[in-house]
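File shown: protein_13.cif (mmCIF, C-alpha atoms).
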data_protein
#
loop_
_atom_site.label_atom_id
_atom_site.label_comp_id
_atom_site.auth_asym_id
_atom_site.auth_seq_id
_atom_site.Cartn_x
_atom_site.Cartn_y
_atom_site.Cartn_z
CA MET G 27 10.36 8.45 -17.65
CA ILE G 28 9.98 10.79 -14.67
CA ARG G 29 11.24 9.22 -11.46
CA VAL G 30 10.40 10.06 -7.85
CA CYS G 31 13.86 11.59 -7.33
CA ASP G 32 13.24 14.04 -10.19
CA LEU G 33 10.31 15.68 -8.38
CA MET G 34 11.02 15.16 -4.66
CA HIS G 35 12.55 17.76 -2.37
CA LYS G 36 16.05 16.63 -1.51
CA GLY G 37 16.72 16.67 2.21
CA VAL G 38 14.17 16.36 5.01
CA LEU G 39 13.50 18.47 8.08
CA TYR G 40 13.32 16.15 11.06
CA CYS G 41 12.82 16.01 14.80
CA TYR G 42 13.40 13.30 17.41
CA PRO G 43 10.62 11.10 18.86
CA ASP G 44 10.82 12.77 22.29
CA ASP G 45 10.78 16.34 20.93
CA SER G 46 7.67 18.25 21.97
CA ALA G 47 4.88 19.30 19.61
CA GLN G 48 6.02 22.87 20.36
CA VAL G 49 9.33 22.14 18.57
CA ILE G 50 7.43 20.82 15.55
CA ALA G 51 5.05 23.82 15.47
CA ASP G 52 8.07 26.16 15.57
CA MET G 53 9.77 24.22 12.75
CA MET G 54 6.66 24.34 10.59
CA ALA G 55 6.04 28.05 11.27
CA THR G 56 9.67 29.07 10.67
CA ASN G 57 10.29 26.96 7.57
CA ARG G 58 6.74 27.20 6.13
CA ILE G 59 6.47 23.44 5.70
CA ARG G 60 3.53 21.07 6.17
CA SER G 61 5.30 17.95 7.46
CA VAL G 62 8.27 16.98 9.61
CA ALA G 63 9.98 13.56 9.68
CA VAL G 64 10.57 11.84 13.02
CA VAL G 65 13.92 10.02 13.23
CA ASP G 66 15.88 8.41 16.05
CA GLU G 67 19.53 9.12 16.97
CA SER G 68 20.84 6.74 14.29
CA GLY G 69 18.90 8.65 11.62
CA GLU G 70 16.39 5.85 11.07
CA VAL G 71 12.89 7.08 10.30
CA TRP G 72 10.05 6.39 12.76
CA GLY G 73 7.29 8.34 11.08
CA SER G 74 6.15 11.83 10.20
CA VAL G 75 3.98 14.57 11.63
CA SER G 76 1.79 16.54 9.22
CA MET G 77 0.11 19.87 9.77
CA LEU G 78 -3.25 18.14 10.33
CA ASP G 79 -1.67 15.82 12.94
CA LEU G 80 -0.45 18.91 14.76
CA LEU G 81 -3.80 20.71 14.47
CA GLN G 82 -5.35 17.92 16.57
CA LEU G 83 -3.60 19.57 19.51
CA TYR G 84 -5.29 22.93 18.94
CA GLY G 85 -6.17 24.43 22.33
CA LYS G 86 -3.99 21.94 24.21
CA LYS G 87 -0.52 22.41 25.68
CA LEU G 88 2.02 21.67 22.98
CA ASP G 89 4.99 21.19 25.30
CA LYS G 90 3.24 18.30 27.10
CA THR G 91 2.96 16.16 23.95
CA GLN G 92 5.83 14.31 22.30
CA ALA G 93 6.33 13.82 18.56
CA GLN G 94 5.96 10.04 18.86
CA GLU G 95 2.44 10.46 20.30
CA ILE G 96 1.04 12.33 17.30
CA MET G 97 3.21 11.03 14.43
CA ARG G 98 1.96 8.70 11.74
CA PRO G 99 4.25 5.64 11.80
CA TYR G 100 6.42 5.10 8.73
CA ARG G 101 4.93 2.27 6.69
CA ILE G 102 4.98 3.09 3.00
CA GLU G 103 8.45 2.51 1.55
CA VAL G 104 9.24 4.49 -1.59
CA ASP G 105 12.41 4.15 -3.62
CA PRO G 106 13.78 7.33 -5.28
CA GLN G 107 14.16 5.44 -8.57
CA TRP G 108 10.50 4.44 -8.83
CA PRO G 109 8.46 5.93 -11.69
CA ILE G 110 6.38 8.83 -10.40
CA GLU G 111 3.12 7.11 -11.37
CA LYS G 112 3.75 4.41 -8.76
CA ALA G 113 4.18 7.04 -6.02
CA ILE G 114 1.06 8.92 -7.15
CA GLU G 115 -1.00 5.71 -6.99
CA LEU G 116 0.23 5.14 -3.43
CA MET G 117 -0.71 8.71 -2.41
CA LYS G 118 -4.17 8.27 -3.94
CA LYS G 119 -4.71 4.85 -2.36
CA HIS G 120 -3.65 5.85 1.14
CA ARG G 121 -5.08 9.41 0.93
CA ILE G 122 -1.85 11.02 2.11
CA GLU G 123 -0.36 14.39 1.25
CA HIS G 124 3.32 13.44 1.41
CA LEU G 125 5.66 10.47 1.06
CA LEU G 126 9.02 10.12 2.77
CA ILE G 127 11.66 8.83 0.36
CA ILE G 128 14.24 6.47 1.83
CA ASP G 129 17.84 5.84 0.78
CA PRO G 130 17.68 2.24 -0.52
CA HIS G 131 21.43 1.75 -0.16
CA ALA G 132 21.80 2.68 3.52
CA GLY G 133 21.29 -0.03 6.15
CA PRO G 134 18.92 1.94 8.43
CA LYS G 135 15.93 3.55 6.75
CA ARG G 136 17.27 7.06 6.36
CA PRO G 137 15.02 9.66 4.68
CA VAL G 138 16.68 11.42 1.75
CA GLY G 139 13.74 13.44 0.48
CA ILE G 140 10.05 14.15 0.60
CA LEU G 141 7.46 14.10 -2.16
CA THR G 142 4.37 16.24 -1.51
CA ASP G 143 1.04 16.50 -3.28
CA PHE G 144 2.05 20.00 -4.41
CA ASP G 145 5.08 18.54 -6.25
CA ILE G 146 2.64 16.33 -8.15
CA VAL G 147 0.40 19.33 -8.94
CA ARG G 148 3.44 21.11 -10.37
CA TYR G 149 4.25 18.04 -12.48
CA MET G 150 0.65 17.79 -13.72
CA SER G 151 0.45 21.54 -14.49
CA HIS G 152 3.37 21.26 -16.93
CA VAL G 153 4.85 24.44 -15.42
CA GLU G 154 8.61 24.00 -15.07
CA LEU G 155 10.47 25.21 -11.98
CA GLY G 156 11.51 28.86 -12.42
CA VAL G 157 9.00 29.51 -15.18
CA TYR G 158 6.49 31.39 -12.98
CA GLU G 159 8.06 34.73 -13.82
CA GLN G 160 7.81 33.99 -17.53
CA MET G 161 4.15 33.04 -17.20
CA LEU G 162 3.32 36.16 -15.22
CA LYS G 163 4.96 38.48 -17.76
CA VAL G 164 2.59 40.43 -19.98
CA PRO G 165 3.35 39.48 -23.60
CA SER G 166 4.86 42.40 -25.50
CA ASP G 167 3.94 42.84 -29.13
CA MET W 19 -11.70 35.44 13.22
CA ARG W 20 -8.42 37.37 13.13
CA LEU W 21 -6.37 34.67 11.42
CA MET W 22 -8.19 34.57 8.12
CA LYS W 23 -6.91 36.42 5.08
CA ARG W 24 -9.34 38.59 3.10
CA GLY W 25 -9.91 37.61 -0.51
CA ALA W 26 -8.99 34.37 -2.28
CA ILE W 27 -7.69 33.04 -5.56
CA THR W 28 -10.67 31.82 -7.56
CA VAL W 29 -11.38 29.96 -10.80
CA GLY W 30 -14.62 29.41 -12.71
CA GLU W 31 -16.32 26.02 -12.49
CA ASP W 32 -15.64 25.35 -16.18
CA ALA W 33 -11.86 25.81 -15.85
CA THR W 34 -9.94 22.66 -16.74
CA VAL W 35 -7.97 20.72 -14.14
CA ARG W 36 -4.74 21.67 -15.94
CA GLU W 37 -5.64 25.36 -15.64
CA VAL W 38 -6.43 24.98 -11.94
CA ALA W 39 -3.06 23.25 -11.39
CA GLN W 40 -1.32 26.11 -13.21
CA VAL W 41 -3.12 28.72 -11.08
CA MET W 42 -1.94 26.91 -7.93
CA VAL W 43 1.66 26.58 -9.11
CA VAL W 44 2.02 30.11 -10.47
CA ASN W 45 0.51 31.64 -7.32
CA ARG W 46 2.26 29.13 -5.05
CA ILE W 47 -0.91 28.29 -3.16
CA GLY W 48 -2.30 25.02 -1.86
CA TYR W 49 -5.95 25.68 -2.73
CA CYS W 50 -8.21 27.18 -5.38
CA VAL W 51 -11.76 28.39 -4.71
CA VAL W 52 -14.27 27.53 -7.43
CA VAL W 53 -16.99 30.13 -8.08
CA ASN W 54 -19.97 30.26 -10.44
CA ASP W 55 -21.06 33.08 -12.79
CA LYS W 56 -22.50 35.04 -9.84
CA HIS W 57 -19.19 34.78 -7.94
CA GLU W 58 -20.77 32.46 -5.39
CA VAL W 59 -18.64 29.74 -3.82
CA VAL W 60 -19.26 26.35 -5.43
CA GLY W 61 -16.40 24.53 -3.73
CA ILE W 62 -12.67 24.31 -3.12
CA ILE W 63 -9.93 22.35 -4.89
CA SER W 64 -6.94 21.10 -2.91
CA PRO W 65 -3.73 19.52 -4.25
CA ARG W 66 -5.22 16.16 -3.29
CA SER W 67 -8.26 16.81 -5.52
CA ILE W 68 -5.85 17.40 -8.43
CA LEU W 69 -3.94 14.25 -7.51
CA ARG W 70 -7.16 12.24 -7.71
CA ALA W 71 -7.58 13.43 -11.28
CA PHE W 72 -4.23 11.90 -12.28
CA GLY W 73 -4.80 9.58 -15.22
CA MET W 74 -7.82 11.53 -16.48
CA ASP W 75 -7.63 13.92 -19.43
CA LEU W 76 -6.58 17.08 -17.58
CA ASP W 77 -7.49 19.35 -20.49
CA ARG W 78 -11.07 18.06 -20.62
CA THR W 79 -11.92 17.37 -16.98
CA LYS W 80 -13.49 20.47 -15.38
CA ALA W 81 -12.99 22.03 -11.97
CA LYS W 82 -16.63 21.26 -11.08
CA ASP W 83 -15.96 17.53 -11.58
CA ILE W 84 -13.27 17.28 -8.90
CA LEU W 85 -14.07 20.00 -6.33
CA LEU W 86 -14.98 19.50 -2.69
CA PRO W 87 -18.48 21.01 -2.31
CA HIS W 88 -19.14 24.38 -0.71
CA THR W 89 -20.30 22.80 2.53
CA ILE W 90 -16.71 23.11 3.76
CA THR W 91 -17.10 26.78 4.65
CA ILE W 92 -17.09 28.90 7.79
CA THR W 93 -18.07 32.49 8.56
CA PRO W 94 -15.89 35.24 10.06
CA SER W 95 -17.63 34.78 13.42
CA SER W 96 -17.09 30.99 13.59
CA PRO W 97 -14.96 29.93 16.58
CA LEU W 98 -11.49 28.68 15.60
CA SER W 99 -12.12 25.38 17.38
CA GLU W 100 -15.00 24.76 14.97
CA ALA W 101 -12.74 25.61 12.01
CA VAL W 102 -10.05 23.20 13.22
CA ALA W 103 -12.63 20.43 13.73
CA LEU W 104 -13.87 20.94 10.16
CA MET W 105 -10.32 20.85 8.77
CA LEU W 106 -9.61 17.59 10.60
CA GLU W 107 -12.91 16.00 9.62
CA LYS W 108 -12.54 16.83 5.91
CA ARG W 109 -8.72 16.58 5.94
CA VAL W 110 -8.20 19.95 4.23
CA ASP W 111 -5.54 22.59 4.91
CA HIS W 112 -7.72 25.56 3.92
CA LEU W 113 -11.26 26.68 4.61
CA VAL W 114 -13.30 29.16 2.59
CA VAL W 115 -14.76 31.96 4.71
CA ILE W 116 -18.10 33.34 3.50
CA ALA W 117 -19.80 36.51 4.74
CA ASP W 118 -22.15 36.31 7.74
CA ARG W 119 -25.13 37.68 5.82
CA PRO W 120 -27.96 35.13 5.49
CA GLY W 121 -28.02 33.48 2.08
CA SER W 122 -24.63 34.91 1.14
CA ARG W 123 -22.22 32.61 -0.67
CA ALA W 124 -19.72 35.22 -1.79
CA VAL W 125 -16.05 34.58 -0.91
CA TYR W 126 -15.00 36.68 2.08
CA GLY W 127 -11.58 35.15 2.74
CA ILE W 128 -9.50 32.06 3.38
CA LEU W 129 -8.32 30.46 6.60
CA HIS W 130 -4.95 28.73 6.11
CA GLY W 131 -3.90 25.79 8.27
CA GLU W 132 -0.37 27.19 8.39
CA ASP W 133 -1.67 30.41 10.01
CA LEU W 134 -3.29 28.27 12.71
CA VAL W 135 0.00 26.41 13.28
CA ARG W 136 1.85 29.73 13.47
CA ALA W 137 -0.66 30.97 16.06
CA MET W 138 -0.27 27.74 18.05
CA ALA W 139 3.52 28.12 18.03
CA LYS W 140 3.35 31.78 19.08
CA ASN W 141 0.75 31.31 21.84
CA GLN W 142 2.93 28.84 23.62
CA GLU W 143 5.92 31.16 23.43
CA THR W 144 4.07 34.05 25.05
CA LYS W 145 2.82 31.80 27.84
CA ALA W 146 6.24 30.37 28.57
#
Conversion result in structure tokens:
Amino acid sequence: MIRVCDLMHKGVLYCYPDDSAQVIADMMATNRIRSVAVVDESGEVWGSVSMLDLLQLYGKKLDKTQAQEIMRPYRIEVDPQWPIEKAIELMKKHRIEHLLIIDPHAGPKRPVGILTDFDIVRYMSHVELGVYEQMLKVPSD
Amino acid sequence: MRLMKRGAITVGEDATVREVAQVMVVNRIGYCVVVNDKHEVVGIISPRSILRAFGMDLDRTKAKDILLPHTITITPSSPLSEAVALMLEKRVDHLVVIADRPGSRAVYGILHGEDLVRAMAKNQETKA
């Protein structure tokens, strides 16, 4: 059985609720990511900001808007040990492109990873990590 | 539109969903443009479209069964604000750009959401 923790990215890039949208745009541009978690000083998750959330500010001043104003509040709890099918059903039902995965053993809800729709595409394609080079090679006979 | 990239990764409308997923993973892209025999844009497939096909037979379901139709396109002369509005309305990260010629449905390029974010980040820096 494939579990959520087998496919998720370990570790999460995060910002604080009062960080400006400029900080988030810089993080996304530098790290080439599509979503950033929003956590408070204790490390507890408040929500997340996706690329589409940020694009709503196109043409506006990014440094005047705080992360907490554009973030989607954290609502959907996902355990790293869940079977992947359960997470996929949640993504389909709520029409979201990523799920924050929370450490079930910590008291505060601390994010330990992120599962994106692209991780699911990789799973469904049956292409293993690191096999791209093999697939791109011209077969020699 | 300076932000768009010329050309795009395409698949035929009869490609299976598994093949489309493999094209995305091997090329490390978050979209796939679906074209017909005449190389005209039929639609676009996003990772979410693939996700929706979870549970179906991926080796039998075709690209044309899951694509978002070609209405989600812009032209090179479209204002960026219009492109952003379309992305937000349809909740897609990429838009297919087709040539300005009347009646043309050939792929001209792709506008990536991440290029828009990069431009937003840079603009602010130069102003500050």
Within 12 Å of segment 58-68 of chain W, which residues of segment 63-133 of chain G come that close, and what is the closest atom pair and distance in Å for each? Count all atoms listed in the file and give it as a Markdown table.
| residue | atom | partner | partner_atom | distance |
| --- | --- | --- | --- | --- |
| G:Ile114 | CA | W:Arg66 | CA | 10.3 |
| G:Glu115 | CA | W:Arg66 | CA | 11.9 |
| G:Met117 | CA | W:Arg66 | CA | 8.8 |
| G:Lys118 | CA | W:Arg66 | CA | 8.0 |
| G:Lys119 | CA | W:Arg66 | CA | 11.4 |
| G:His120 | CA | W:Arg66 | CA | 11.3 |
| G:Arg121 | CA | W:Arg66 | CA | 8.0 |
| G:Ile122 | CA | W:Arg66 | CA | 8.2 |
| G:Glu123 | CA | W:Arg66 | CA | 6.9 |
| G:His124 | CA | W:Arg66 | CA | 10.1 |
For this session: Using only C-alpha atoms, find all polymer residues with an atom at most 12 Å away from the point (-0.6, 31.9, 17.8); report them as a PyMOL selection string.
Result: (chain G and resi 48+51-52+55+84-85+88) or (chain W and resi 20-21+98+131-145)
Problem set entry | Check: which chain G residues lie within 10 Å of chain W using all atoms listed in the file, as a PyMOL selection string | chain G and resi 47-56+58-60+77-89+111+114-115+117-119+121-123+142-162
Exercise. To one decimal place, how far is atom CA of Val115 of chain W from atom CA of Leu141 of chain G in Å?
Worked result: 29.3 Å
Exercise. How would you write, as a PyMOL selection string, the residues chosen by the PyMOL selection byres ((chain G and resi 29) around 6) on this structure?
Worked result: chain G and resi 28+30-32+107-110
Seminar exercise, completed: atom CA of Gln92 of chain G sits from atom CA of Leu116 of chain G at a separation of 27.9 Å
Exercise. For Ile96 of chain G, which residue out of G:Met34, G:Leu39, G:Val138, G:Ala63 is the nearest one, using only C-alpha atoms?
Worked result: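 Using only C-alpha atoms, the shortest distance to Ile96 of chain G belongs to G:Ala63.
Across the chains present, the PyMOL selection byres ((chain W and resi 25) around 8) applied to this file returns W:Lys23, W:Arg24, W:Ala26, W:Ile27, W:Val125, W:Tyr126, W:Gly127, W:Ile128.
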Problem set entry | atom CA of Val71 of chain G to atom CA of Arg98 of chain G, straight-line distance in Å |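 Between these atoms lies a distance of 11.1 Å.
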Exercise. Care to translate the PyMOL selection byres ((chain W and resi 33) around 6) into actual residues of this file, as a PyMOL selection string?
Worked result: chain W and resi 30-32+34+80-81
Problem set entry | Surrounding residues of Pro99 of chain G excluding itself and chain neighbours under 2 positions, 8 Å, all atoms listed in the file, as a list of chain:residue names |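 Here the qualifying residues turn out to be G:Trp72, G:Gly73, G:Ser74, G:Met97, G:Arg101.
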Exercise. Near Ala101 of chain W, counting all atoms listed in the file, which residues have an atom at most 9 Å away, once you skip same-chain residues fewer than 3 positions from it, shown as an MDAnalysis selection string?
Worked result: chainID W and resid 91:92 96:98 104:106 113 129
